[in-house]
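Chemist: One structure coming up, written as structure tokens, with questions to follow.
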There are 4 protein chains.
Amino acid sequence: MAKVTDIHTANERRLGEIIGTNIAGKLHTGRSRNDQVATDMRMWLRDELNLIEEYLVDLLKVIAQRAEQDIDYIMPSYTHLQSAQPIRWSHWLLSYATAFQNDLERLRFTKKNVNKLPLGCGAVAGNAFGIDRVQMAKELGFEGLILNSMSAVGDRDFVVEVLQCAATISSHLSRWSEDLIIYSSLEFGYVKLADAYTTGSSLMPQKKNSDSLELLRGKSGRIFGAMAGLMMTIKGLPSTYNKDLQESLQPMLDTVKTLKDSLQIAARSLATATVYPDKMRAALSPDMLATDLAEYLVRKGKLCSLQLYSLSADTSAGVPFRETHHLAGRIVALGEDEKKGINELTIEQFKSVDKRFGDDVLSVFDYERSVELKSTTGGTSRSAVLEQLEALKKTWALE
Amino acid sequence: MAKVTDIHTANERRLGEIIGTNIAGKLHTGRSRNDQVATDMRMWLRDELNLIEEYLVDLLKVIAQRAEQDIDYIMPSYTHLQSAQPIRWSHWLLSYATAFQNDLERLRFTKKNVNKLPLGCGAVAGNAFGIDRVQMAKELGFEGLILNSMSAVGDRDFVVEVLQCAATISSHLSRWSEDLIIYSSLEFGYVKLADAYTTGSSLMPQKKNSDSLELLRGKSGRIFGAMAGLMMTIKGLPSTYNKDLQESLQPMLDTVKTLKDSLQIAARSLATATVYPDKMRAALSPDMLATDLAEYLVRKGKLCSLQLYSLSADTSAGVPFRETHHLAGRIVALGEDEKKGINELTIEQFKSVDKRFGDDVLSVFDYERSVELKSTTGGTSRSAVLEQLEALKKTWALE
Amino acid sequence: MAKVTDIHTANERRLGEIIGTNIAGKLHTGRSRNDQVATDMRMWLRDELNLIEEYLVDLLKVIAQRAEQDIDYIMPSYTHLQSAQPIRWSHWLLSYATAFQNDLERLRFTKKNVNKLPLGCGAVAGNAFGIDRVQMAKELGFEGLILNSMSAVGDRDFVVEVLQCAATISSHLSRWSEDLIIYSSLEFGYVKLADAYTTGSSLMPQKKNSDSLELLRGKSGRIFGAMAGLMMTIKGLPSTYNKDLQESLQPMLDTVKTLKDSLQIAARSLATATVYPDKMRAALSPDMLATDLAEYLVRKGKLCSLQLYSLSADTSAGVPFRETHHLAGRIVALGEDEKKGINELTIEQFKSVDKRFGDDVLSVFDYERSVELKSTTGGTSRSAVLEQLEALKKTWALE
Amino acid sequence: MAKVTDIHTANERRLGEIIGTNIAGKLHTGRSRNDQVATDMRMWLRDELNLIEEYLVDLLKVIAQRAEQDIDYIMPSYTHLQSAQPIRWSHWLLSYATAFQNDLERLRFTKKNVNKLPLGCGAVAGNAFGIDRVQMAKELGFEGLILNSMSAVGDRDFVVEVLQCAATISSHLSRWSEDLIIYSSLEFGYVKLADAYTTGSSLMPQKKNSDSLELLRGKSGRIFGAMAGLMMTIKGLPSTYNKDLQESLQPMLDTVKTLKDSLQIAARSLATATVYPDKMRAALSPDMLATDLAEYLVRKGKLCSLQLYSLSADTSAGVPFRETHHLAGRIVALGEDEKKGINELTIEQFKSVDKRFGDDVLSVFDYERSVELKSTTGGTSRSAVLEQLEALKKTWALE
């Protein structure tokens with residue numbers, strides 16, 4: 001009987017107890033712990049990846065649902081955490097959907113690489129009993145064979161690839177959490193998590209902390225660490241199986257669990273959060289329309305879009321944006337000097353900066369108009385946002 | 001005229017010198033440095049990825065050529081750096097081809113993700129001039145659009161993905177180098193690099209060091225560091241563009257150069273190396289056939305492969321491998337006691353361990369026979385190795 | 001004449017041109033590139049570490065200066081980015097001084113490890129000419145010898161240690177920048193960088209972005225990557241010199257430069273920033289004194305500090321904090337119900353929650369009083385902050 | 001009674017069950033989970049660091065013991081894994097002692113940074129009850145206070161520093177294991193681990209794998225990953241406590257356990273290993289004395305060591321090493337041409353290369369003489385090795 005030194009020999013012993021050691025003893029014919037463990041890991045992992053895919057789609061569905069429902073909310077966008085131009089809240093939501101959709105596509109690609117059969121490769125040199133590995137793959141649900149026995153037993157790249165993928169997903173969650181943590185500060189106040197996803201303070205009775213988001217952000221470190229650690233373990237290793245590879249198990253198990261939890265918590269946190277459109281609206285300021293002002297002047301110059309972007313178009317007409325950007329900057333400065341919002345300047349003051357400002361200039365100061373003007377694919381207009389939503393919904397139809 | 005603060009404004013100024021500032025000033029209409037730099041990086045990177053793909057295929061071709069030419073060389077395989085079973089040198093070569101083929105497939109997948117157009121997304125909120133981004137993508141050779149402007153300007157995942165891919169390729173090179181460094185030690189002596197890929201010692205006149213391989217191994221740290229650094233930079237960043245993202249450039253440039261160099265050096269080092277089949281042969285020992293001895297007994301038990309692996313087969317016949325493994329172990333121990341190779345024991349000594357050892361037992365001690373017995377897909381037999389070669393050659397036909 | 005293959009032989013050749021090849025040719029007697037390069041790196045690095053130390057002290061001085069000058073400014077503290085209790089702005093400043101002081105101490109420790117002499121160890125086995133390494137160390141300004149020749153040539157831990165130290169300093173800068181980036185958002189508005197440390201937008205005329213801080217934050221990735229890369233390179237390397245170690249140079253050079261720049265930019269950004277105490281004051285809200293309210297009740301219970309913290313004291317007197325925390329929580333809830341600040345509730349309303357609230361309860365709602373009450377070492381009172389300042393100033397006296 | 005949401009409130013509840021909730025409820029007066037958990041972690045960690053220090057000293061003692069006992073064994077040294085010059089096996093052993101001694105010194109430095117008291121800093125702003133933190137530190141065995149409350153609760157650098165230190169120790173173990181794994185291959189054969197530290201193969205009856213060493217090497221990835229992960233988690237975090245910091249616990253616990261196990265296994269593996277001096281001796285070859293040959297010629301030139309290394313000495317006498325290195329190289333080439341060891345060339349053949357080779361030239365080909373000639377501090381002579389041993393023994397006397 002096999003001396004029990006690990007799970008493989010334990011399996012064999014138990015099998016022996018059930019069906020007799022004579023038959024059980026055949027379990028390892030042409031097999032080795034090396035190809036067995038690689039097979040086990042791949043089988044376990046492919047099933048877990050199916051779950052992760054499911055949770056990722058769930059998160060995308062929550063994003064889509066909120067983006068659809070909250071499409072009228074307008075908020076500041078930020079670059080460098082400085083308020084930039086008005087956008088739809090849905091546009092912010094969908095910016096992360098873009099990232100998660102890439103993740104999904106990559107996950108599906110990775111799953112295929114995981115689902116290749118190493119069994120039938122023995123310890124290192126292959127199998128001497130002429131087994132039919134194609135049939136074996138079919139019975140065990142694998143999509144292909146690993147064609148080299150040394151590679152089959154010594155390769156943990158399928159784990160590395162999953163961990164890299166997980167680290168990227170988790171990196172997205174870290175940015176998403178960072179945004180929401182900032183947005184749920186008192187100073188921003190756009191969002192509040194449901195009680196189930198916050199905790200209080202043991203000292204300060206007034207506190208409500210967005211703990212779930214902070215954990216999501218923090219877990220991105222944990223998952224990255226698992227990935228970095230495994231890559232370190234594998235680096236410079238002689239080929240085929242070395243015991244070092246045992247260290248692929250813990251990061252795999254921990255990351256799969258952490259990622260599954262993270263995705264579910266992210267989805268639930270978002271689904272149950274309260275959004276404050278009034279706070280968003282209150283945070284908009286006319287300065288954020290300075291670009292619209294510059295673009296107003298560009299249009300005044302009769303420069304149509306075709307002329308702007310087509311290499312062959314007549315580019316002689318119109319006011320260059322470089323100039324209008326400068327003029328809009330002067331308007332901003334004038335507002336600061338006058339201690340007024342730029343929407344409160346008089347027509348005369350506008351004309352004093354440049355006489356091409358028309359009587360209709362104040363029409364620029366309309367946040368809805370601003371987001372609607374970005375109607376090009378990728379922009380903030382209702383139609384452009386709905387276009388994103390359509391594309392997103394196709395994602396899970398692909399399942 | 002644009003104040004020159006960076007390459008974008010320098011471009012605009014130079015254009016102004018050539019075609020006049022009035023037209024040049026229109027360059028930034030509806031555009032921003034944010035979507036421009038993302039576009040530039042993606043265009044540069046996709047071209048470089050084509051080169052990397054080319055160099056990766058070159059390396060695969062060198063491997064294939066050597067594997068074909070050296071197919072008769074038999075050497076020890078190693079697990080745990082302890083000699084295991086005999087294999088073909090070509091089988092070792094092709095074990096890395098498996099890894100590099102996966103890399104190639106992944107590189108092609110990654111290239112598609114890189115080649116999506118961010119231009120036309122402005123600084124953060126999109127474009128207000130109704131430009132046709134689909135046409136723009138076509139003219140600039142992109143395969144698709146990024147559908148959300150915030151994502152377009154704030155995403156450096158395409159760099160992360162390339163660096164992760166590069167880190168995995170480089171990890172393969174580190175293991176490949178490690179093997180070859182060990183194989184080119186005096187104690188192993190299987191391989192010697194051409195002079196162009198070695199250096200001498202400033203102190204020790206007799207030295208010839210495999211510097212190129214050590215550099216390849218060392219560079220895996222450099223590339224990993226670039227990847228880890230960028231992932232750290234991106235972690236927890238608020239969405240859209242932040243200046244932190246500037247730190248994506250240096251790791252991208254450095255990694256692309258390092259990887260291109262590494263792949264070319266690897267290919268040339270292998271192509272020009274001398275292999276010593278006699279040394280390989282001399283390193284084989286009868287002990288490495290102990291598994292063959294065990295499998296000989298399994299076969300004596302008339303157990304055919306179908307019975308072994310089919311779930312439905314009659315499994316009552318034959319000697320269990322567990323038992324034969326034990327008996328082969330006793331033969332090894334007997335050899336040690338007798339201070340003889342196990343191929344030097346007498347038939348009587350074999351039979352003293354188990355009477356099922358037949359008069360033909362010494363036929364087991366034939367290294368060619370051993371590698372040929374592993375004829376299952378993935379094994380070391382000539383046909384199984386040629387099967388790998390065929391599959392490998394299809395790889396670059398896919399180009 | 002030495003064939004020029006690297007800087008060492010180039011040095012020898014040039015020396016030969018100046019003093020004759022006969023004498024120059026003796027340069028390598030008992031020496032090797034291996035011990036030479038290790039010596040060169042250590043000499044260069046110790047000088048650079050002196051500069052880094054200087055810049056770190058400069059940063060601490062700027063912090064001290066601002067902390068002293070701005071000591072009256074009161075602002076919200078944050079935990080979980082949710083406003084917590086009032087603190088002095090100086091207290092925030094000095095919280096980072098604590099971190100940078102630890103860095104300074106560690107840097108000084110690390111410098112000693114760097115400044116040990118490898119020269120006189122040859123290529124690997126030592127020197128056969130009986131040279132006096134103690135004298136050599138003295139002449140070259142080293143504080144000690146490396147006592148084992150194999151270690152001397154194969155060790156790059158001194159670089160790893162410096163990079164780890166740099167990564168920690170840089171991590172502190174990343175958190176410091178993150179705080180300041182958030183504080184300089186429009187929504188917070190506590191701080192504005194001087195123009196020299198911000199940049200505008202090519203599209204949005206109203207923008208002023210805290211680019212310098214974002215670069216500092218981003219560089220923490222770069223430095224971490226250098227450290228991680230070198231650690232990867234070194235992992236699992238056979239002992240003594242391997243060419244892989246060449247990869248220690250680039251991360252060392254890059255990190256030293258990046259860190260020096262970062263420290264100087266941090267110091268100048270802070271020294272020239274404008275602080276807005278009115279904005280800080282406006283962000284305080286009575287809720288942040290809920291803990292003070294709970295502690296007010298504790299005191300009402302006549303529980304003196306000695307009793308609270310001494311293991312031997314009589315602990316029978318006073319109201320437990322657990323209970324007062326609960327009561328203060330009810331006051332916060334009452335305020336929310338009444339849509340009032342808790343400082344606007346009537347005495348009667350307080351007493352309705354618990355009759356131990358006295359007529360003096362409104363005295364709690366005084367932010368100065370709150371920060372002054374934390375007079376224990378480490379707290380926010382003027383005296384406790386000055387105590388930190390005193391300790392800090394001793395840091396550079398130690399130089 | 002405190003609602004049980006974590007260990008802190010569980011403690012309070014249990015205390016309440018024992019001494020009454022009235023007194024137990026005072027536990028949190030002026031305290032917070034934030035300063036409590038930081039205190040707990042530091043107390044736990046300092047104790048564990050004492051254990052790690054103990055195990056590190058144990059490993060050093062095993063190294064010292066073997067180095068002393070095996071001092072007569074001579075083996076090849078390696079650079080670039082190519083055999084270089086003869087050394088004592090003890091010299092190899094002590095090269096790692098140098099690294100572990102540095103680790104020990106650093107561990108002791110780190111322990112001091114860990115052992116600083118955060119308690120008495122409340123949640124973020126300090127303590128309002130005038131407690132005596134100096135007394136508290138004394139009672140709890142801390143060596144100092146953290147002087148800023150925000151730093152006290154938000155700092156996990158003490159964990160990072162321990163993990164960096166652990167990663168460096170573990171990196172040393174990875175190189176040490178790599179050497180021993182190579183040395184215990186059949187091809188080298190210098191070392192064999194005791195059975196307790198090896199495992200067999202489920203397929204190959206003849207195998208004995210150095211599993212313990214491979215695990216040590218692999219664990220260096222795990223520990224690095226823990227460090228990298230935590231550094232990622234902390235990067236860019238707003239100051240003070242954020243829930244992300246919870247992710248400092250798992251890497252701390254896991255690393256401490258892994259490191260303690262690793263050090264003990266390393267010590268036991270080495271203590272019980274068998275060394276094969278005959279194999280070492282057999283691996284030496286006359287080529288490895290080519291440097292000695294060059295140095296023989298330098299000495300022939302009557303160039304004494306003082307002249308060589310003193311800046312002021314008369315350097316006009318003697319044969320430059322550059323020239324003798326070249327001549328020794330020609331001898332090596334001659335040996336190769338003649339298919340002889342260079343010690344088998346005739347005196348005439350030596351003189352044919354350079355007439356300064358004397359009749360005593362064959363005295364160079366003595367491995368003992370070679371290691372004894374490196375008598376400078378750091379070298380391989382018996383006295384220089386004993387000097388290292390003396391220094392090493394002082395290490396644990398410092399305990």
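Labels for the structure tokens follow display order: chains A, B, ..., residues from 1 in each chain, ligands from 1.
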Got a sec: who's within 10 Å of Ser184 (chain D), counting only C-alpha atoms, leaving out chain neighbours fewer than 5 positions off, as a PyMOL selection string?
Modeler: (chain B and resi 81-82) or (chain D and resi 178-179+189-193+209-210+274-276)
Chemist: Find the residues near Ala294 (chain B): any atom within 12 Å, counting only C-alpha atoms, skip ones fewer than 4 places away on the same chain, and give them as JSON, numbers by chain.
Modeler: {"A": [26, 28, 29, 30, 128], "B": [287, 288, 289, 290, 298, 299, 300, 301, 319, 320, 321, 322, 323, 324, 325, 326, 327, 328, 329, 330, 331, 332, 354, 356, 357, 361, 364], "D": [202, 203, 204, 205, 206]}
Chemist: Using only C-alpha atoms for the distances, tell me which of D:Asn50, D:Thr291, D:Asn115, D:Asn11 is nearest to chain C.
Modeler: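 Smallest distance to chain C is found for D:Thr291.
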Chemist: Pull the closest atom pair for each residue of chain A that gets at most 8 Å from chain D, along with the distance in Å to one decimal, counting only C-alpha atoms, ordering rows by chain and then ascending residue number, as a tab-separated table.
Modeler:
residue	atom	partner	partner_atom	distance
A:His28	CA	D:Leu203	CA	7.6
A:Gly30	CA	D:Leu203	CA	7.7
A:Arg31	CA	D:Leu203	CA	7.1
A:Ser32	CA	D:Leu203	CA	5.5
A:Arg33	CA	D:Ser202	CA	6.4
A:Gly122	CA	D:Leu203	CA	7.7
A:Ala123	CA	D:Leu203	CA	6.5
A:Ser202	CA	D:Ser32	CA	5.8
A:Leu203	CA	D:Ser32	CA	5.5
A:Met204	CA	D:Ala123	CA	8.0
A:Asp211	CA	D:Lys243	CA	5.8
A:Glu214	CA	D:Asp244	CA	5.2
A:Leu215	CA	D:Asp244	CA	5.1
A:Leu216	CA	D:Asp244	CA	7.8
A:Arg217	CA	D:Asp244	CA	6.5
A:Gly218	CA	D:Asp244	CA	4.1
A:Lys219	CA	D:Glu247	CA	6.9
A:Ser220	CA	D:Thr233	CA	6.8
A:Gly221	CA	D:Thr233	CA	4.3
A:Arg222	CA	D:Gly229	CA	4.9
A:Ile223	CA	D:Gly229	CA	7.1
A:Phe224	CA	D:Gly229	CA	5.7
A:Gly225	CA	D:Gly229	CA	3.6
A:Ala226	CA	D:Gly225	CA	5.6
A:Met227	CA	D:Gly225	CA	7.2
A:Ala228	CA	D:Gly225	CA	5.3
A:Gly229	CA	D:Gly225	CA	3.6
A:Leu230	CA	D:Gly221	CA	5.9
A:Met231	CA	D:Gly221	CA	7.3
A:Met232	CA	D:Gly221	CA	4.7
A:Thr233	CA	D:Gly221	CA	4.3
A:Ile234	CA	D:Gly218	CA	7.8
A:Asn242	CA	D:Glu214	CA	6.7
A:Lys243	CA	D:Glu214	CA	5.3
A:Asp244	CA	D:Gly218	CA	4.1
A:Leu245	CA	D:Gly218	CA	7.0
A:Gln246	CA	D:Leu215	CA	7.8
A:Glu247	CA	D:Gly218	CA	6.3
Chemist: Please report, as a VMD selection string, each residue of region 95-189 of chain A to which DSSP assigns alpha helix (DSSP H) when run on this structure's backbone.
Modeler: chain A and resid 95 to 114 133 to 140 149 to 154 157 to 183
Chemist: Within 9 Å of Gln264 (chain D), counting only C-alpha atoms, which residues qualify if same-chain residues fewer than 5 places away don't, as a PyMOL selection string?
Modeler: chain D and resi 55-56+58-59+259+269
Chemist: Any chance you could export the current selection's C-alpha atoms as a PDB file, in the first residue's frame?
Modeler:
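Now in selection-v1.pdb:
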ATOM      1  CA  TYR D  55      16.461  31.101  14.805  1.00  0.00           C
ATOM      2  CA  LEU D  56      18.772  33.272  12.758  1.00  0.00           C
ATOM      3  CA  ASP D  58      20.849  29.150  15.417  1.00  0.00           C
ATOM      4  CA  LEU D  59      21.466  29.048  11.696  1.00  0.00           C
ATOM      5  CA  LEU D 259      10.308  32.899   7.973  1.00  0.00           C
ATOM      6  CA  SER D 269      19.028  20.742   6.631  1.00  0.00           C
TER       7      SER D 269
END
Chemist: Calculate how many Å separate CA of Gly378 (chain C) from CA of Ser149 (chain D), rounding to one decimal.
Modeler: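 For CA of Gly378 (chain C) relative to CA of Ser149 (chain D), the distance reads 4.9 Å.
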Chemist: Can you tell me how far CA of Glu68 (chain D) sits from CA of Tyr96 (chain D), in Å to one decimal?
Modeler: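 Value for the CA of Glu68 (chain D)-CA of Tyr96 (chain D) distance: 14.5 Å.
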Chemist: Determine, counting only C-alpha atoms, which protein, DNA and RNA residues have an atom within 10 Å of an atom of Pro238 (chain D); residues of the same chain fewer than 5 positions away are not included. Present the result as a list of chain:residue names.
Modeler: C:Tyr78, C:Thr79, C:His80, C:Leu81, C:Ser174, C:Arg175, C:Trp176, C:Ser177, C:Glu178, C:Asp179, C:Leu180, C:Ile181, C:Ile182, D:Gly154
Chemist: Can you pull out the residues contacting Val57 (chain C)? Cut-off 12 Å, using only C-alpha atoms, and skip same-chain residues under 4 positions away; I want them as a ChimeraX atom specification.
Modeler: /C:50-53,61-64,97,100-105,107-108,260,263-264,266-267,392-399
Chemist: Record the distance separating CA of Ala282 (chain C) and CA of Glu187 (chain A), expressed in Å with one decimal.
Modeler: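 For CA of Ala282 (chain C) relative to CA of Glu187 (chain A), the distance reads 10.8 Å.
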Chemist: Excluding Leu49 (chain C) and residues on its chain fewer than 3 positions from it, collect all residues at most 12 Å away from it, counting only C-alpha atoms, and give them as a PyMOL selection string.
Modeler: chain C and resi 41-46+52-56+104+106-115+158-159+161-163+165-166+252-253+255-257+259-260
Chemist: Please give the complete set of residues from region 125-374 of chain C that DSSP, run on the backbone, assigns to strand (DSSP E), formatted as a VMD selection string.
Modeler: chain C and resid 144 to 145 191 to 192 274 to 275
